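Comments concern the structure below.
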Amino acid sequence: MTDTKPVEDWATDYDIFDAEYVRDPAPVWDELRGRCPIAHTERWGGSFLPTRYEDVQALSKMVPEMSSSDVLVTTPPPEVVEALRNDPVYAKYGTDAAPISEDPPIHGWTRRLLLPHFSPQAAETHREYTQALADRLIDGFIDSGTVDGASQYAQQIPPRVIAHLLGIDESRVDDFTHWVRCVLELGLADDELRRKYRLVIREFFADVVNEKIAHPDDGFVSSLLKGIDHEGNPIDPIMVIGMLNLQLIAGIDTTWSSIGSALWHFGTHPTDRERMAAEPELWPTAIEELLRFYAPVTMARHAAADVEINDVTIPEGSKVLMNFPGANRDPAVFDRPDEVILDRPHNRHVAFGAGIHRCAGSNLARLEMDIALRTWFRRIPDFEVSEPDEVTWAGGQVRGPRYLPIRFPSAA
Ligand code: HEM
């Protein structure tokens, strides 16, 4: 998915799908920060790209001027946005994926409904399951001495944890993964594909919601169905379908990308790998540093009014890419930003966003990363990426490795 015209000036014509940018965007951000910290492009429907930490933070906190109540994907051109707004899927199942797709007041009460399920204590309830899962996955390939760390390990964990959270049978997990990729990754350039799988996901959750309306229990879905909106009315079940849809969209691609990027890092940086194998007490700071350095998520907002920032006017209606990954490499905030420092002492990264939409699932995401990486290192401390040039990366909305060949001394 590339616009084949090469980029001549990144300040006025950036292309977030440029192959080199997908492979390593940091040099572009670095150059832009120095001469044009808020860049603009007409590509992919037109957008603005802030590159400084301070600006990304400020834009995240401008609510409601920077609105989330529209199509949040980073890429589609206006005619696709229009088609999405008129999509029959929306007419039938609603447009929302609350709270990420909402401004106040809907944002507040939908977020509050989710938060108890993602507290540190709630995340802990998934520990035992996630631990057994990580060991089971490694049992499946440890004798072979090779594995695709992306598809056979990283990608297998988050969808199963989400299925566990939602109380849905694990046998549907391969479907989840496929659906999410078709919406968030492959579907960004393919309208038909995205439309098809948006419908598949919403129909799946419509059945789940209907089942819980008929047979309520004390699980996640039933608790959302007890929600009361900002005017005191019971939650519309269509809203719950959107919130469940968000769990897939927000919880799967993101976390597998982070686990995969961490394996990429240690598989290509033997000194860091050896240090982690020898000093497991570094995992808490190392995970924050890997989140900072390989931050996977870029969200989009649209300006609901003209927005003035840093001598730039972002006109009403414009799309702005919330460049959390770029903010994390700003030398004004992070010492030696382009190095992974496993024991970095101060790390106020924005991989989980900032402001009212800051990631609701960050405790669960950290737990999954912690278990996935500690377990890998306990069982496979010595490994390397076998063909670094063959590694493929997804870019755009969520960046992470999608093919990651790894070799290690076989246990057989
Ligand atoms: C390493 C993994 C993850 C990363 C890097 C990540 C990143 C983010 C970011 C940057 C946002 C802000 C979006 C915005 O500003 O519009 C966000 C929002 C959100 N994330 Fe995550 N996320 C991760 C994992 C998860 C997981 C596991 C879940 C839950 C299952 C989750 C649930 C959510 C929800 C519900 C929101 C919307 C919050 C709101 O709008 O108030 N995320 N995430």
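In the structure tokens, each chain is lettered A, B, ... as it comes, each chain's residues begin at 1, and ligands are numbered from 1 in order of appearance.
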Show me which residues are within 7 Å of ligand 1 counting only C-alpha atoms and all ligand atoms, and format the list as a PDB file with C-alpha atoms, in the first residue's frame.
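Written output follows (result-v8.pdb):
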```pdb
ATOM      1  CA  SER A  60      -4.052  15.414  23.332  1.00  0.00           C
ATOM      2  CA  SER A  68     -12.329  11.906  18.562  1.00  0.00           C
ATOM      3  CA  ALA A  98     -16.809   4.028  22.952  1.00  0.00           C
ATOM      4  CA  PRO A  99     -14.948   5.522  24.707  1.00  0.00           C
ATOM      5  CA  ILE A 100     -12.240   5.962  22.049  1.00  0.00           C
ATOM      6  CA  SER A 101     -14.669   7.324  19.451  1.00  0.00           C
ATOM      7  CA  HIS A 107     -16.654   9.591  26.708  1.00  0.00           C
ATOM      8  CA  ARG A 111     -14.756   4.999  30.063  1.00  0.00           C
ATOM      9  CA  ILE A 162      -9.144 -10.734  25.315  1.00  0.00           C
ATOM     10  CA  LEU A 246     -13.118  -1.695  20.718  1.00  0.00           C
ATOM     11  CA  GLN A 247     -11.681  -4.393  22.972  1.00  0.00           C
ATOM     12  CA  ALA A 250      -7.555  -1.671  20.885  1.00  0.00           C
ATOM     13  CA  GLY A 251      -6.332  -4.717  22.762  1.00  0.00           C
ATOM     14  CA  ILE A 252      -4.982  -7.103  20.148  1.00  0.00           C
ATOM     15  CA  THR A 254      -1.302  -3.050  19.908  1.00  0.00           C
ATOM     16  CA  THR A 255      -0.065  -5.600  22.419  1.00  0.00           C
ATOM     17  CA  SER A 258       4.790  -4.478  21.451  1.00  0.00           C
ATOM     18  CA  LEU A 291       7.164   0.780  25.000  1.00  0.00           C
ATOM     19  CA  ALA A 295       5.572   2.753  20.656  1.00  0.00           C
ATOM     20  CA  PRO A 296       3.159   1.085  18.256  1.00  0.00           C
ATOM     21  CA  VAL A 297       0.104   3.355  18.175  1.00  0.00           C
ATOM     22  CA  THR A 298      -0.619   6.521  16.164  1.00  0.00           C
ATOM     23  CA  MET A 299      -4.211   7.741  16.500  1.00  0.00           C
ATOM     24  CA  ALA A 300      -6.043  10.351  14.476  1.00  0.00           C
ATOM     25  CA  PHE A 324       2.860   9.313  20.229  1.00  0.00           C
ATOM     26  CA  ALA A 351       3.069   5.103  24.176  1.00  0.00           C
ATOM     27  CA  PHE A 352      -0.326   4.776  25.901  1.00  0.00           C
ATOM     28  CA  GLY A 353      -1.410   8.256  24.800  1.00  0.00           C
ATOM     29  CA  ALA A 354      -2.169  11.261  26.983  1.00  0.00           C
ATOM     30  CA  ILE A 356      -8.744  11.812  28.495  1.00  0.00           C
ATOM     31  CA  HIS A 357      -8.257   8.977  25.992  1.00  0.00           C
ATOM     32  CA  ARG A 358      -5.110   7.599  27.618  1.00  0.00           C
ATOM     33  CA  CYS A 359      -5.131   3.821  27.236  1.00  0.00           C
ATOM     34  CA  ALA A 360      -7.661   2.178  29.547  1.00  0.00           C
ATOM     35  CA  GLY A 361      -5.965  -1.204  29.123  1.00  0.00           C
ATOM     36  CA  SER A 362      -2.397  -0.246  30.043  1.00  0.00           C
ATOM     37  CA  LEU A 364      -3.364  -5.463  31.189  1.00  0.00           C
ATOM     38  CA  ALA A 365      -0.978  -4.609  28.340  1.00  0.00           C
ATOM     39  CA  ARG A 366       1.951  -4.376  30.765  1.00  0.00           C
TER      40      ARG A 366
END
```
message = Using DSSP assignments from the backbone, pull out every residue in stretch 79-302 of chain A that falls under helix (DSSP H, G or I) and give it to me as a PyMOL selection string.
response = chain A and resi 79-85+88-93+106-118+120-124+127-141+149-166+170-189+191-214+220-225+237-251+253-268+270-278+280-293
task = Report the residues of stretch 304-344 of chain A whose backbone DSSP state falls under strand (DSSP E or B), written as a VMD selection string.
result = chain A and resid 307 to 309 312 to 314 319 to 322
Write out as a PDB file with N, CA and C atoms, in the first residue's frame which residues come within 7 Å of A:Glu170 when counting only C-alpha atoms, dropping same-chain ones fewer than 3 positions away.
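As written to disk, selection_39.pdb reads:
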```pdb
ATOM      1  N   ARG A 160      -6.083 -14.202  22.845  1.00  0.00           N
ATOM      2  CA  ARG A 160      -6.581 -15.196  23.813  1.00  0.00           C
ATOM      3  C   ARG A 160      -6.902 -14.547  25.150  1.00  0.00           C
ATOM      4  N   ALA A 163     -10.163 -12.876  24.703  1.00  0.00           N
ATOM      5  CA  ALA A 163     -11.244 -13.877  24.740  1.00  0.00           C
ATOM      6  C   ALA A 163     -11.518 -14.276  26.193  1.00  0.00           C
ATOM      7  N   VAL A 173     -10.352 -17.598  18.497  1.00  0.00           N
ATOM      8  CA  VAL A 173      -9.250 -16.649  18.543  1.00  0.00           C
ATOM      9  C   VAL A 173      -8.608 -16.384  17.183  1.00  0.00           C
TER      10      VAL A 173
END
```
message = Using only C-alpha atoms for the distances, tell me which of A:Met369, A:Leu248, A:Met239, A:Ala26 is nearest to A:Trp179.
response = A:Leu248
message = Give me, as a PyMOL selection string, all polymer residues having an atom no more than 10 Å from A:Ile309, counting only C-alpha atoms and skipping those fewer than 6 positions away in the same chain.
response = chain A and resi 38+50+55+58-59
Output N, CA and C atoms of each residue in that selection to a file, as a compact mmCIF listing (two decimals), in the first residue's frame.
```txt
# COMPACT_ATOMS: atom_id res chain seq x y z
N ILE A 38 5.57 20.75 13.14
CA ILE A 38 4.24 20.22 12.80
C ILE A 38 4.17 20.17 11.27
N PRO A 50 2.41 16.30 14.24
CA PRO A 50 3.31 16.91 15.23
C PRO A 50 4.43 15.94 15.58
N ASP A 55 4.05 19.34 21.92
CA ASP A 55 2.90 19.58 21.04
C ASP A 55 1.92 18.39 21.06
N ALA A 58 0.06 18.65 24.24
CA ALA A 58 -0.90 19.76 24.24
C ALA A 58 -2.12 19.41 23.38
N LEU A 59 -1.88 18.83 22.20
CA LEU A 59 -2.99 18.49 21.31
C LEU A 59 -3.89 17.42 21.95
```
request  = Kindly indicate which residue among A:Pro120, A:Pro388, A:Gly355, A:Pro409 lies nearest to A:Asp143, using only C-alpha atoms for the distances.
outcome  =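 Counting only C-alpha atoms, the residue closest to A:Asp143 is A:Pro409.
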message = Could you list, as a ChimeraX atom specification, every residue within 9 Å of A:Arg127, counting only C-alpha atoms and ignoring same-chain residues fewer than 3 positions away?
response = /A:123-124,130-132,367-368,371
